[in-house]
$ cat coords-v1.pdb   # PDB, C-alpha atoms and all ligand atoms
ATOM      1  CA  MET A   8      -5.275  19.285 -16.040
ATOM      2  CA  ALA A   9      -4.542  17.049 -19.062
ATOM      3  CA  GLU A  10      -6.600  13.885 -19.511
ATOM      4  CA  ILE A  11      -5.178  10.927 -17.594
ATOM      5  CA  LYS A  12      -4.354   8.050 -19.948
ATOM      6  CA  THR A  13      -1.254   6.418 -18.535
ATOM      7  CA  ILE A  14      -0.554   5.533 -14.914
ATOM      8  CA  ALA A  15       2.810   4.345 -13.614
ATOM      9  CA  VAL A  16       2.975   2.519 -10.297
ATOM     10  CA  MET A  17       6.314   2.390  -8.487
ATOM     11  CA  GLY A  18       6.812  -0.731  -6.380
ATOM     12  CA  GLY A  19       5.379  -4.096  -7.363
ATOM     13  CA  GLY A  20       4.675  -5.455  -3.882
ATOM     14  CA  GLN A  21       1.227  -6.320  -2.552
ATOM     15  CA  MET A  22      -0.093  -2.750  -2.843
ATOM     16  CA  GLY A  23       1.598  -1.644  -6.065
ATOM     17  CA  SER A  24       0.526  -4.735  -7.985
ATOM     18  CA  GLY A  25      -3.073  -4.251  -6.824
ATOM     19  CA  ILE A  26      -3.064  -0.568  -7.818
ATOM     20  CA  ALA A  27      -1.627  -1.339 -11.279
ATOM     21  CA  GLN A  28      -4.322  -3.998 -11.733
ATOM     22  CA  LEU A  29      -7.012  -1.509 -10.754
ATOM     23  CA  ALA A  30      -5.680   1.054 -13.250
ATOM     24  CA  ALA A  31      -5.581  -1.460 -16.115
ATOM     25  CA  VAL A  32      -9.048  -2.843 -15.340
ATOM     26  CA  HIS A  33     -10.430   0.704 -15.460
ATOM     27  CA  GLY A  34      -9.067   1.352 -18.932
ATOM     28  CA  PHE A  35      -5.738   3.076 -18.241
ATOM     29  CA  ASP A  36      -2.415   2.058 -19.730
ATOM     30  CA  ALA A  37      -0.490   0.909 -16.679
ATOM     31  CA  TRP A  38       3.209   0.517 -16.003
ATOM     32  CA  LEU A  39       4.395  -1.393 -12.953
ATOM     33  CA  LEU A  40       7.981  -0.623 -11.963
ATOM     34  CA  ASP A  41      10.214  -2.217  -9.349
ATOM     35  CA  THR A  42      13.925  -2.410  -8.663
ATOM     36  CA  ASP A  43      13.683  -6.131  -8.004
ATOM     37  CA  TYR A  44      13.127  -8.531 -10.896
ATOM     38  CA  ASN A  45      11.677 -11.188  -8.557
ATOM     39  CA  ALA A  46       9.108  -8.709  -7.234
ATOM     40  CA  LEU A  47       7.940  -7.985 -10.781
ATOM     41  CA  SER A  48       7.775 -11.662 -11.562
ATOM     42  CA  ARG A  49       5.653 -12.273  -8.429
ATOM     43  CA  ALA A  50       3.476  -9.277  -9.355
ATOM     44  CA  THR A  51       2.823 -10.656 -12.859
ATOM     45  CA  LYS A  52       1.594 -13.913 -11.343
ATOM     46  CA  SER A  53      -0.466 -12.330  -8.576
ATOM     47  CA  ILE A  54      -2.200  -9.911 -10.973
ATOM     48  CA  SER A  55      -3.104 -12.722 -13.413
ATOM     49  CA  TYR A  56      -4.376 -14.830 -10.525
ATOM     50  CA  SER A  57      -6.410 -11.961  -9.057
ATOM     51  CA  ILE A  58      -7.958 -11.042 -12.419
ATOM     52  CA  GLN A  59      -8.839 -14.689 -13.109
ATOM     53  CA  ARG A  60     -10.482 -14.925  -9.677
ATOM     54  CA  LEU A  61     -12.615 -11.868 -10.372
ATOM     55  CA  VAL A  62     -13.651 -13.409 -13.702
ATOM     56  CA  SER A  63     -14.528 -16.748 -12.092
ATOM     57  CA  LYS A  64     -16.652 -14.933  -9.489
ATOM     58  CA  GLY A  65     -18.470 -13.087 -12.275
ATOM     59  CA  GLN A  66     -17.142  -9.707 -11.101
ATOM     60  CA  LEU A  67     -15.174  -9.053 -14.287
ATOM     61  CA  SER A  68     -15.954 -10.019 -17.879
ATOM     62  CA  GLN A  69     -13.511 -12.049 -20.003
ATOM     63  CA  ALA A  70     -13.278  -9.115 -22.430
ATOM     64  CA  VAL A  71     -12.316  -6.572 -19.726
ATOM     65  CA  SER A  72      -9.833  -8.998 -18.183
ATOM     66  CA  LYS A  73      -8.147  -9.617 -21.544
ATOM     67  CA  ASP A  74      -8.047  -5.894 -22.262
ATOM     68  CA  ALA A  75      -6.617  -5.171 -18.779
ATOM     69  CA  LEU A  76      -3.860  -7.756 -19.092
ATOM     70  CA  GLY A  77      -2.957  -6.232 -22.463
ATOM     71  CA  ARG A  78      -2.687  -2.745 -20.938
ATOM     72  CA  LEU A  79      -0.237  -3.777 -18.211
ATOM     73  CA  ARG A  80       3.496  -3.441 -18.696
ATOM     74  CA  TYR A  81       6.201  -4.441 -16.231
ATOM     75  CA  THR A  82       9.655  -2.893 -16.126
ATOM     76  CA  LEU A  83      12.818  -2.336 -14.110
ATOM     77  CA  ASN A  84      13.575   0.803 -16.133
ATOM     78  CA  LEU A  85      12.599   4.024 -14.329
ATOM     79  CA  GLU A  86      12.748   6.009 -17.577
ATOM     80  CA  GLU A  87       9.541   4.297 -18.736
ATOM     81  CA  LEU A  88       7.494   6.440 -16.379
ATOM     82  CA  SER A  89       8.158   9.484 -18.559
ATOM     83  CA  SER A  90       4.943   8.656 -20.464
ATOM     84  CA  ALA A  91       2.786   8.659 -17.303
ATOM     85  CA  ASP A  92       0.192  11.310 -16.486
ATOM     86  CA  VAL A  93       0.043  10.080 -12.897
ATOM     87  CA  VAL A  94       2.741   8.242 -10.953
ATOM     88  CA  ILE A  95       1.618   6.349  -7.844
ATOM     89  CA  GLU A  96       4.449   5.419  -5.502
ATOM     90  CA  ALA A  97       3.992   2.239  -3.440
ATOM     91  CA  ILE A  98       7.500   1.295  -2.306
ATOM     92  CA  VAL A  99       8.755   0.529   1.224
ATOM     93  CA  GLU A 100       7.400   2.650   4.085
ATOM     94  CA  SER A 101      10.605   4.616   4.680
ATOM     95  CA  GLU A 102      10.740   8.381   4.433
ATOM     96  CA  GLU A 103      14.385   8.351   3.405
ATOM     97  CA  VAL A 104      13.868   5.846   0.580
ATOM     98  CA  LYS A 105      10.650   7.489  -0.618
ATOM     99  CA  LYS A 106      12.245  10.972  -0.654
ATOM    100  CA  LYS A 107      15.121   9.662  -2.752
ATOM    101  CA  LEU A 108      12.630   8.185  -5.193
ATOM    102  CA  PHE A 109      10.530  11.385  -5.353
ATOM    103  CA  LEU A 110      13.689  13.302  -6.249
ATOM    104  CA  GLU A 111      14.223  10.878  -9.159
ATOM    105  CA  LEU A 112      10.549  10.846 -10.186
ATOM    106  CA  ASP A 113      10.565  14.627 -10.358
ATOM    107  CA  LYS A 114      13.422  14.523 -12.873
ATOM    108  CA  ILE A 115      11.912  11.831 -15.110
ATOM    109  CA  ALA A 116       8.146  12.400 -14.992
ATOM    110  CA  LYS A 117       6.379  14.813 -17.354
ATOM    111  CA  SER A 118       6.206  18.328 -15.926
ATOM    112  CA  SER A 119       2.402  18.050 -15.870
ATOM    113  CA  ALA A 120       2.349  14.658 -14.080
ATOM    114  CA  ILE A 121       0.868  14.203 -10.624
ATOM    115  CA  LEU A 122       3.142  12.382  -8.180
ATOM    116  CA  ALA A 123       0.990  10.485  -5.689
ATOM    117  CA  SER A 124       2.142   8.398  -2.737
ATOM    118  CA  ASN A 125       0.346   5.392  -1.303
ATOM    119  CA  THR A 126       2.175   5.937   1.993
ATOM    120  CA  SER A 127       0.349   4.710   5.087
ATOM    121  CA  SER A 128       1.679   7.386   7.401
ATOM    122  CA  ILE A 129       4.570   9.500   6.079
ATOM    123  CA  SER A 130       4.230  13.260   5.611
ATOM    124  CA  ILE A 131       3.171  14.204   2.077
ATOM    125  CA  THR A 132       4.526  17.715   2.663
ATOM    126  CA  ARG A 133       7.996  16.307   3.333
ATOM    127  CA  LEU A 134       7.881  13.978   0.300
ATOM    128  CA  ALA A 135       6.746  16.938  -1.819
ATOM    129  CA  SER A 136       9.697  18.984  -0.560
ATOM    130  CA  ALA A 137      12.027  16.593  -2.397
ATOM    131  CA  THR A 138      10.493  17.725  -5.711
ATOM    132  CA  SER A 139      10.257  20.934  -7.700
ATOM    133  CA  ARG A 140       6.456  20.482  -8.018
ATOM    134  CA  PRO A 141       4.942  20.341  -4.507
ATOM    135  CA  LYS A 142       1.602  21.539  -5.933
ATOM    136  CA  GLN A 143       1.379  18.253  -7.867
ATOM    137  CA  VAL A 144       2.256  15.924  -4.975
ATOM    138  CA  ILE A 145      -0.534  14.217  -3.036
ATOM    139  CA  GLY A 146      -1.279  11.204  -0.844
ATOM    140  CA  MET A 147      -3.466   8.552  -2.487
ATOM    141  CA  HIS A 148      -3.763   5.888   0.182
ATOM    142  CA  PHE A 149      -5.411   2.690  -1.030
ATOM    143  CA  MET A 150      -6.478  -0.058   1.341
ATOM    144  CA  ASN A 151      -5.304  -3.662   1.089
ATOM    145  CA  PRO A 152      -6.133  -5.320  -1.292
ATOM    146  CA  PRO A 153      -6.641  -2.342  -3.646
ATOM    147  CA  PRO A 154      -8.867  -4.120  -6.196
ATOM    148  CA  ILE A 155     -11.353  -5.080  -3.473
ATOM    149  CA  MET A 156     -11.310  -2.457  -0.728
ATOM    150  CA  LYS A 157     -13.677   0.436  -1.314
ATOM    151  CA  LEU A 158     -11.760   3.297   0.281
ATOM    152  CA  VAL A 159      -9.105   5.728  -0.878
ATOM    153  CA  GLU A 160      -7.851   8.226   1.677
ATOM    154  CA  ILE A 161      -6.607  11.386  -0.011
ATOM    155  CA  VAL A 162      -4.029  13.477   1.803
ATOM    156  CA  ARG A 163      -3.194  17.014   0.804
ATOM    157  CA  GLY A 164       0.312  18.258   1.543
ATOM    158  CA  ALA A 165       0.842  21.868   2.591
ATOM    159  CA  ASP A 166       1.177  22.971  -1.054
ATOM    160  CA  THR A 167      -1.054  20.494  -2.931
ATOM    161  CA  SER A 168      -3.165  22.469  -5.420
ATOM    162  CA  ASP A 169      -6.943  22.222  -5.800
ATOM    163  CA  GLU A 170      -6.359  21.051  -9.365
ATOM    164  CA  THR A 171      -4.226  18.114  -8.180
ATOM    165  CA  PHE A 172      -6.712  17.275  -5.446
ATOM    166  CA  ASN A 173      -9.698  17.336  -7.839
ATOM    167  CA  ALA A 174      -7.930  15.221 -10.472
ATOM    168  CA  THR A 175      -6.826  12.646  -7.856
ATOM    169  CA  LYS A 176     -10.290  12.457  -6.331
ATOM    170  CA  ALA A 177     -11.842  11.992  -9.792
ATOM    171  CA  LEU A 178      -9.311   9.241 -10.535
ATOM    172  CA  ALA A 179     -10.113   7.390  -7.298
ATOM    173  CA  GLU A 180     -13.808   7.660  -8.119
ATOM    174  CA  ARG A 181     -13.174   6.304 -11.606
ATOM    175  CA  PHE A 182     -11.613   3.313  -9.869
ATOM    176  CA  GLY A 183     -14.988   2.911  -8.130
ATOM    177  CA  LYS A 184     -13.702   4.038  -4.726
ATOM    178  CA  THR A 185     -15.192   6.190  -2.002
ATOM    179  CA  VAL A 186     -12.864   9.003  -1.010
ATOM    180  CA  ILE A 187     -12.163  10.487   2.401
ATOM    181  CA  CYS A 188      -9.843  13.445   2.905
ATOM    182  CA  SER A 189      -7.236  13.819   5.594
ATOM    183  CA  ARG A 190      -4.931  16.606   6.622
ATOM    184  CA  ASP A 191      -1.262  15.793   6.556
ATOM    185  CA  TYR A 192      -0.597  14.477  10.071
ATOM    186  CA  ALA A 193       1.177  11.231  10.929
ATOM    187  CA  GLY A 194      -0.945   8.191  10.063
ATOM    188  CA  PHE A 195      -3.716  10.361   8.563
ATOM    189  CA  VAL A 196      -7.159   9.023   9.595
ATOM    190  CA  VAL A 197      -7.288   5.259   9.068
ATOM    191  CA  ASN A 198      -3.891   4.218  10.400
ATOM    192  CA  ARG A 199      -3.953   6.701  13.255
ATOM    193  CA  ILE A 200      -6.897   4.731  14.591
ATOM    194  CA  LEU A 201      -6.135   1.227  13.291
ATOM    195  CA  MET A 202      -2.429   0.896  14.154
ATOM    196  CA  PRO A 203      -2.695   1.701  17.889
ATOM    197  CA  MET A 204      -5.350  -1.038  18.044
ATOM    198  CA  ILE A 205      -3.015  -3.515  16.353
ATOM    199  CA  ASN A 206      -0.141  -2.401  18.606
ATOM    200  CA  GLU A 207      -2.369  -2.889  21.663
ATOM    201  CA  ALA A 208      -3.188  -6.410  20.455
ATOM    202  CA  PHE A 209       0.579  -7.100  20.425
ATOM    203  CA  PHE A 210       0.865  -5.720  23.990
ATOM    204  CA  THR A 211      -2.052  -7.948  25.022
ATOM    205  CA  LEU A 212      -0.162 -10.960  23.640
ATOM    206  CA  TYR A 213       3.232  -9.762  24.970
ATOM    207  CA  THR A 214       1.961  -9.357  28.521
ATOM    208  CA  GLY A 215       0.311 -12.792  28.477
ATOM    209  CA  VAL A 216      -3.245 -11.559  28.867
ATOM    210  CA  ALA A 217      -4.518 -14.030  26.243
ATOM    211  CA  THR A 218      -3.420 -16.286  23.414
ATOM    212  CA  LYS A 219      -3.173 -14.936  19.868
ATOM    213  CA  GLU A 220      -6.198 -16.987  18.878
ATOM    214  CA  ASP A 221      -8.312 -15.634  21.748
ATOM    215  CA  ILE A 222      -7.266 -12.043  20.998
ATOM    216  CA  ASP A 223      -8.318 -12.448  17.354
ATOM    217  CA  VAL A 224     -11.552 -14.334  18.057
ATOM    218  CA  GLY A 225     -12.371 -11.791  20.772
ATOM    219  CA  MET A 226     -12.069  -8.867  18.394
ATOM    220  CA  LYS A 227     -13.769 -10.650  15.481
ATOM    221  CA  LEU A 228     -16.831 -11.793  17.364
ATOM    222  CA  GLY A 229     -16.784  -9.095  20.009
ATOM    223  CA  THR A 230     -16.566  -6.115  17.684
ATOM    224  CA  ASN A 231     -17.713  -7.620  14.385
ATOM    225  CA  HIS A 232     -14.381  -7.077  12.623
ATOM    226  CA  PRO A 233     -13.831  -9.380   9.628
ATOM    227  CA  MET A 234     -10.280 -10.161  10.810
ATOM    228  CA  GLY A 235      -8.683 -10.164  14.247
ATOM    229  CA  PRO A 236      -5.972  -7.508  14.794
ATOM    230  CA  LEU A 237      -3.054  -9.973  14.821
ATOM    231  CA  GLU A 238      -4.324 -11.732  11.704
ATOM    232  CA  LEU A 239      -4.751  -8.318  10.074
ATOM    233  CA  ALA A 240      -1.208  -7.316  11.082
ATOM    234  CA  ASP A 241       0.114 -10.439   9.329
ATOM    235  CA  PHE A 242      -1.940  -9.526   6.258
ATOM    236  CA  ILE A 243      -0.659  -5.924   6.184
ATOM    237  CA  GLY A 244       2.952  -6.974   6.898
ATOM    238  CA  LEU A 245       4.542  -6.633  10.335
ATOM    239  CA  ASP A 246       7.344  -4.484   8.874
ATOM    240  CA  VAL A 247       4.743  -2.079   7.480
ATOM    241  CA  CYS A 248       2.916  -1.986  10.865
ATOM    242  CA  LEU A 249       6.168  -1.282  12.716
ATOM    243  CA  SER A 250       7.155   1.490  10.291
ATOM    244  CA  ILE A 251       3.742   3.126  10.748
ATOM    245  CA  MET A 252       3.953   2.905  14.559
ATOM    246  CA  LYS A 253       7.387   4.562  14.425
ATOM    247  CA  VAL A 254       5.977   7.397  12.288
ATOM    248  CA  LEU A 255       3.039   7.837  14.711
ATOM    249  CA  HIS A 256       5.390   7.801  17.706
ATOM    250  CA  ALA A 257       7.791  10.348  16.182
ATOM    251  CA  GLY A 258       5.110  12.515  14.580
ATOM    252  CA  LEU A 259       2.539  12.675  17.366
ATOM    253  CA  GLY A 260       5.100  12.636  20.192
ATOM    254  CA  ASP A 261       3.195  10.533  22.686
ATOM    255  CA  ASN A 262       4.465   7.350  24.341
ATOM    256  CA  LYS A 263       1.121   5.670  23.759
ATOM    257  CA  TYR A 264       2.325   5.172  20.167
ATOM    258  CA  ALA A 265       5.572   3.388  21.144
ATOM    259  CA  PRO A 266       5.776   0.116  19.189
ATOM    260  CA  CYS A 267       5.301  -3.020  21.270
ATOM    261  CA  PRO A 268       8.650  -4.829  21.850
ATOM    262  CA  LEU A 269       7.095  -8.067  20.569
ATOM    263  CA  LEU A 270       6.229  -6.434  17.227
ATOM    264  CA  VAL A 271       9.816  -5.143  17.014
ATOM    265  CA  GLN A 272      11.193  -8.596  17.820
ATOM    266  CA  TYR A 273       9.070 -10.337  15.176
ATOM    267  CA  VAL A 274      10.304  -7.909  12.526
ATOM    268  CA  ASP A 275      13.915  -8.364  13.700
ATOM    269  CA  ALA A 276      13.405 -12.118  13.303
ATOM    270  CA  GLY A 277      12.121 -11.695   9.723
ATOM    271  CA  ARG A 278       8.621 -12.747  10.741
ATOM    272  CA  LEU A 279       6.956 -10.226   8.453
ATOM    273  CA  GLY A 280       3.554 -11.890   8.097
ATOM    274  CA  ARG A 281       1.848 -13.671   5.253
ATOM    275  CA  LYS A 282       4.189 -12.362   2.575
ATOM    276  CA  ARG A 283       7.071 -14.236   4.284
ATOM    277  CA  GLY A 284       4.997 -17.277   5.249
ATOM    278  CA  ILE A 285       5.405 -16.495   8.951
ATOM    279  CA  GLY A 286       4.409 -13.676  11.287
ATOM    280  CA  VAL A 287       2.254 -13.940  14.386
ATOM    281  CA  TYR A 288       0.902 -17.083  12.713
ATOM    282  CA  ASP A 289       2.742 -19.676  10.675
ATOM    283  CA  TYR A 290       1.532 -19.964   7.059
ATOM    284  CA  GLN A 291       4.209 -22.386   5.893
ATOM    285  CA  PRO A 292       2.952 -25.762   4.747
ATOM    286  CA  MET A 293       3.975 -28.639   7.014
ATOM    287  CA  PRO A 294       6.978 -30.381   5.380
ATOM    288  CA  ASN A 295       5.347 -33.812   5.579
ATOM    289  CA  ALA A 296       1.810 -32.703   4.941
ATOM    290  CA  VAL A 297      -0.169 -35.130   2.801
ATOM    291  CA  LYS A 298      -1.727 -33.339  -0.146
ATOM    292  CA  PRO A 299      -5.471 -33.899  -0.481
TER     293      PRO A 299
HETATM  294  P1  LIG B 301       5.838  -4.615  -0.126
HETATM  295  O1  LIG B 301       7.008  -4.863   0.767
HETATM  296  O2  LIG B 301       4.902  -5.712  -0.447
HETATM  297  O3  LIG B 301       6.365  -4.019  -1.539
HETATM  298  C1  LIG B 301       7.262  -2.944  -1.669
HETATM  299  C2  LIG B 301       7.894  -3.069  -3.057
HETATM  300  O4  LIG B 301       8.633  -1.872  -3.338
HETATM  301  C3  LIG B 301       8.862  -4.240  -3.184
HETATM  302  O5  LIG B 301       8.502  -5.025  -4.302
HETATM  303  C4  LIG B 301      10.230  -3.577  -3.390
HETATM  304  O6  LIG B 301      11.073  -4.318  -4.245
HETATM  305  C5  LIG B 301       9.821  -2.266  -4.031
HETATM  306  N1  LIG B 301      10.797  -1.190  -3.922
HETATM  307  C6  LIG B 301      11.546  -0.876  -2.854
HETATM  308  N2  LIG B 301      12.297   0.214  -3.146
HETATM  309  C7  LIG B 301      11.990   0.583  -4.420
HETATM  310  C8  LIG B 301      12.413   1.643  -5.280
HETATM  311  N3  LIG B 301      13.318   2.531  -4.874
HETATM  312  N4  LIG B 301      11.867   1.716  -6.517
HETATM  313  C9  LIG B 301      10.939   0.810  -6.926
HETATM  314  N5  LIG B 301      10.511  -0.210  -6.157
HETATM  315  C10 LIG B 301      11.034  -0.310  -4.922
HETATM  316  O7  LIG B 301       5.079  -3.376   0.522
HETATM  317  P2  LIG B 301       3.516  -3.007   0.440
HETATM  318  O8  LIG B 301       2.812  -3.690   1.547
HETATM  319  O9  LIG B 301       3.060  -3.157  -0.961
HETATM  320  O10 LIG B 301       3.562  -1.452   0.840
HETATM  321  C11 LIG B 301       3.973  -0.474  -0.093
HETATM  322  C12 LIG B 301       3.515   0.896   0.390
HETATM  323  O11 LIG B 301       2.080   0.895   0.534
HETATM  324  C13 LIG B 301       4.073   1.323   1.744
HETATM  325  O12 LIG B 301       4.277   2.714   1.745
HETATM  326  C14 LIG B 301       2.950   0.930   2.707
HETATM  327  O13 LIG B 301       2.987   1.681   3.890
HETATM  328  C15 LIG B 301       1.735   1.266   1.855
HETATM  329  N6  LIG B 301       0.492   0.560   2.220
HETATM  330  C16 LIG B 301       0.556  -0.746   2.620
HETATM  331  C17 LIG B 301      -0.619  -1.410   2.973
HETATM  332  C18 LIG B 301      -0.583  -2.847   3.404
HETATM  333  O14 LIG B 301      -1.617  -3.349   3.898
HETATM  334  N7  LIG B 301       0.521  -3.573   3.237
HETATM  335  C19 LIG B 301      -1.921  -0.731   2.928
HETATM  336  C20 LIG B 301      -1.878   0.618   2.418
HETATM  337  C21 LIG B 301      -0.684   1.238   2.112
END

$ encode --input "coords-v1.pdb" --output "structure tokens"
Amino acid sequence: MAEIKTIAVMGGGQMGSGIAQLAAVHGFDAWLLDTDYNALSRATKSISYSIQRLVSKGQLSQAVSKDALGRLRYTLNLEELSSADVVIEAIVESEEVKKKLFLELDKIAKSSAILASNTSSISITRLASATSRPKQVIGMHFMNPPPIMKLVEIVRGADTSDETFNATKALAERFGKTVICSRDYAGFVVNRILMPMINEAFFTLYTGVATKEDIDVGMKLGTNHPMGPLELADFIGLDVCLSIMKVLHAGLGDNKYAPCPLLVQYVDAGRLGRKRGIGVYDYQPMPNAVKP
């Protein structure tokens, strides 16, 4: 496997921007690609802000931060990923959209490049089947936010080679992450366990058992979780949670994975969580709020 120097990240949303930041901070040349100019513009700001925060907390030196910002490039042009040794896909959680992208990536990326997906739940084997290089396709599932969270879950598709697995594991470790491995079943390890809990929190709210605040405080103080499940769902994105529940339901074939109607309704209403300013909770500033 050739040395990894350049990493391209597809999708400049909350995950993609964090992964590109991580790559640049660890000395790789990093491209961040999106189809939406506004997403790239938001990503530029959020990466600068995140890097500055790490510097102010003493977790990153000024020199590394300057170097990292200089290694990051943002583009709408898919052709730019032809220089990448590894492409990490972090676009919307839709098998159809991801497969279409993998077909394109396969045409543009170097023949030696690894094509990794940050999917939360979708079959790596099926994404790999859209390419002519299934041996080089792998799941590289970062947690949110990627610069902070310590875990990367690596998922081998049916045809992923040992070489691809070893190179991806080494890359995650170079990012300072601990790796766990999962077989390619819906939701892998983390979301197979986490998402039914979040879905159950929605059912608890939907059936009027408790208020959203009591559900979250109950799980925070009762089980020592840093965030309550509804708060966490808003942080992840309710659209992402719903997509994962649908994959679990279809892939594992049990009604216990059916998405809660309240989760479906919130997504239908555009209440997608923090990224939209409203989800289970309202994050929008009060119109007449007096600034301190
Ligand atoms: P997001 O909605 O914040 O960002 C998705 C980005 O992909 C958007 O900027 C969109 O413009 C872009 N995009 C859509 N189609 C594209 C295409 N064809 N080419 C290039 N860019 C495209 O989503 P988020 O939360 O960053 O999730 C991305 C992926 O990461 C999903 O597969 C999700 O399941 C996974 N993930 C999400 C986590 C979370 O906590 N939100 C945690 C771990 C994984």

$ residues_near_ligand --input "coords-v1.pdb" --ligand "ligand LIG 301 (chain B)" --cutoff "8 Å" --atoms "all atoms listed in the file" --output "NGL selection string"
:A and (17-24 or 40-43 or 46-47 or 96-101 or 104-105 or 107-108 or 124-128 or 148-152 or 242-244 or 247-248 or 250-251 or 282)

$ write_last_selection --input "coords-v1.pdb" --atoms "C-alpha atoms" --output "PDB file, in the coordinates of the input"
ATOM      1  CA  MET A  17       6.314   2.390  -8.487  1.00  0.00           C
ATOM      2  CA  GLY A  18       6.812  -0.731  -6.380  1.00  0.00           C
ATOM      3  CA  GLY A  19       5.379  -4.096  -7.363  1.00  0.00           C
ATOM      4  CA  GLY A  20       4.675  -5.455  -3.882  1.00  0.00           C
ATOM      5  CA  GLN A  21       1.227  -6.320  -2.552  1.00  0.00           C
ATOM      6  CA  MET A  22      -0.093  -2.750  -2.843  1.00  0.00           C
ATOM      7  CA  GLY A  23       1.598  -1.644  -6.065  1.00  0.00           C
ATOM      8  CA  SER A  24       0.526  -4.735  -7.985  1.00  0.00           C
ATOM      9  CA  LEU A  40       7.981  -0.623 -11.963  1.00  0.00           C
ATOM     10  CA  ASP A  41      10.214  -2.217  -9.349  1.00  0.00           C
ATOM     11  CA  THR A  42      13.925  -2.410  -8.663  1.00  0.00           C
ATOM     12  CA  ASP A  43      13.683  -6.131  -8.004  1.00  0.00           C
ATOM     13  CA  ALA A  46       9.108  -8.709  -7.234  1.00  0.00           C
ATOM     14  CA  LEU A  47       7.940  -7.985 -10.781  1.00  0.00           C
ATOM     15  CA  GLU A  96       4.449   5.419  -5.502  1.00  0.00           C
ATOM     16  CA  ALA A  97       3.992   2.239  -3.440  1.00  0.00           C
ATOM     17  CA  ILE A  98       7.500   1.295  -2.306  1.00  0.00           C
ATOM     18  CA  VAL A  99       8.755   0.529   1.224  1.00  0.00           C
ATOM     19  CA  GLU A 100       7.400   2.650   4.085  1.00  0.00           C
ATOM     20  CA  SER A 101      10.605   4.616   4.680  1.00  0.00           C
ATOM     21  CA  VAL A 104      13.868   5.846   0.580  1.00  0.00           C
ATOM     22  CA  LYS A 105      10.650   7.489  -0.618  1.00  0.00           C
ATOM     23  CA  LYS A 107      15.121   9.662  -2.752  1.00  0.00           C
ATOM     24  CA  LEU A 108      12.630   8.185  -5.193  1.00  0.00           C
ATOM     25  CA  SER A 124       2.142   8.398  -2.737  1.00  0.00           C
ATOM     26  CA  ASN A 125       0.346   5.392  -1.303  1.00  0.00           C
ATOM     27  CA  THR A 126       2.175   5.937   1.993  1.00  0.00           C
ATOM     28  CA  SER A 127       0.349   4.710   5.087  1.00  0.00           C
ATOM     29  CA  SER A 128       1.679   7.386   7.401  1.00  0.00           C
ATOM     30  CA  HIS A 148      -3.763   5.888   0.182  1.00  0.00           C
ATOM     31  CA  PHE A 149      -5.411   2.690  -1.030  1.00  0.00           C
ATOM     32  CA  MET A 150      -6.478  -0.058   1.341  1.00  0.00           C
ATOM     33  CA  ASN A 151      -5.304  -3.662   1.089  1.00  0.00           C
ATOM     34  CA  PRO A 152      -6.133  -5.320  -1.292  1.00  0.00           C
ATOM     35  CA  PHE A 242      -1.940  -9.526   6.258  1.00  0.00           C
ATOM     36  CA  ILE A 243      -0.659  -5.924   6.184  1.00  0.00           C
ATOM     37  CA  GLY A 244       2.952  -6.974   6.898  1.00  0.00           C
ATOM     38  CA  VAL A 247       4.743  -2.079   7.480  1.00  0.00           C
ATOM     39  CA  CYS A 248       2.916  -1.986  10.865  1.00  0.00           C
ATOM     40  CA  SER A 250       7.155   1.490  10.291  1.00  0.00           C
ATOM     41  CA  ILE A 251       3.742   3.126  10.748  1.00  0.00           C
ATOM     42  CA  LYS A 282       4.189 -12.362   2.575  1.00  0.00           C
TER      43      LYS A 282
END

$ atom_distance --input "coords-v1.pdb" --atom1 "CA of Gln69 in chain A" --atom2 "CA of Ala177 in chain A"
26.2 Å

$ resolve_selection --input "coords-v1.pdb" --expression "the PyMOL selection byres (((chain A and resi 117) around 9) and not hetatm)" --output "ChimeraX atom specification"
/A:88-92,113-116,118-121

$ write_last_selection --input "coords-v1.pdb" --atoms "C-alpha atoms" --output "PDB file, in the frame of the given file"
ATOM      1  CA  LEU A  88       7.494   6.440 -16.379  1.00  0.00           C
ATOM      2  CA  SER A  89       8.158   9.484 -18.559  1.00  0.00           C
ATOM      3  CA  SER A  90       4.943   8.656 -20.464  1.00  0.00           C
ATOM      4  CA  ALA A  91       2.786   8.659 -17.303  1.00  0.00           C
ATOM      5  CA  ASP A  92       0.192  11.310 -16.486  1.00  0.00           C
ATOM      6  CA  ASP A 113      10.565  14.627 -10.358  1.00  0.00           C
ATOM      7  CA  LYS A 114      13.422  14.523 -12.873  1.00  0.00           C
ATOM      8  CA  ILE A 115      11.912  11.831 -15.110  1.00  0.00           C
ATOM      9  CA  ALA A 116       8.146  12.400 -14.992  1.00  0.00           C
ATOM     10  CA  SER A 118       6.206  18.328 -15.926  1.00  0.00           C
ATOM     11  CA  SER A 119       2.402  18.050 -15.870  1.00  0.00           C
ATOM     12  CA  ALA A 120       2.349  14.658 -14.080  1.00  0.00           C
ATOM     13  CA  ILE A 121       0.868  14.203 -10.624  1.00  0.00           C
TER      14      ILE A 121
END

$ residues_around --input "coords-v1.pdb" --residues "Ile26 in chain A" --least-positions-apart "6" --cutoff "8 Å" --atoms "all atoms listed in the file" --output "count of residues only"
4

$ atom_distance --input "coords-v1.pdb" --atom1 "CA of Ala165 in chain A" --atom2 "CA of Ser136 in chain A"
9.8 Å

$ atom_distance --input "coords-v1.pdb" --atom1 "CA of Leu228 in chain A" --atom2 "CA of Arg278 in chain A"
26.3 Å
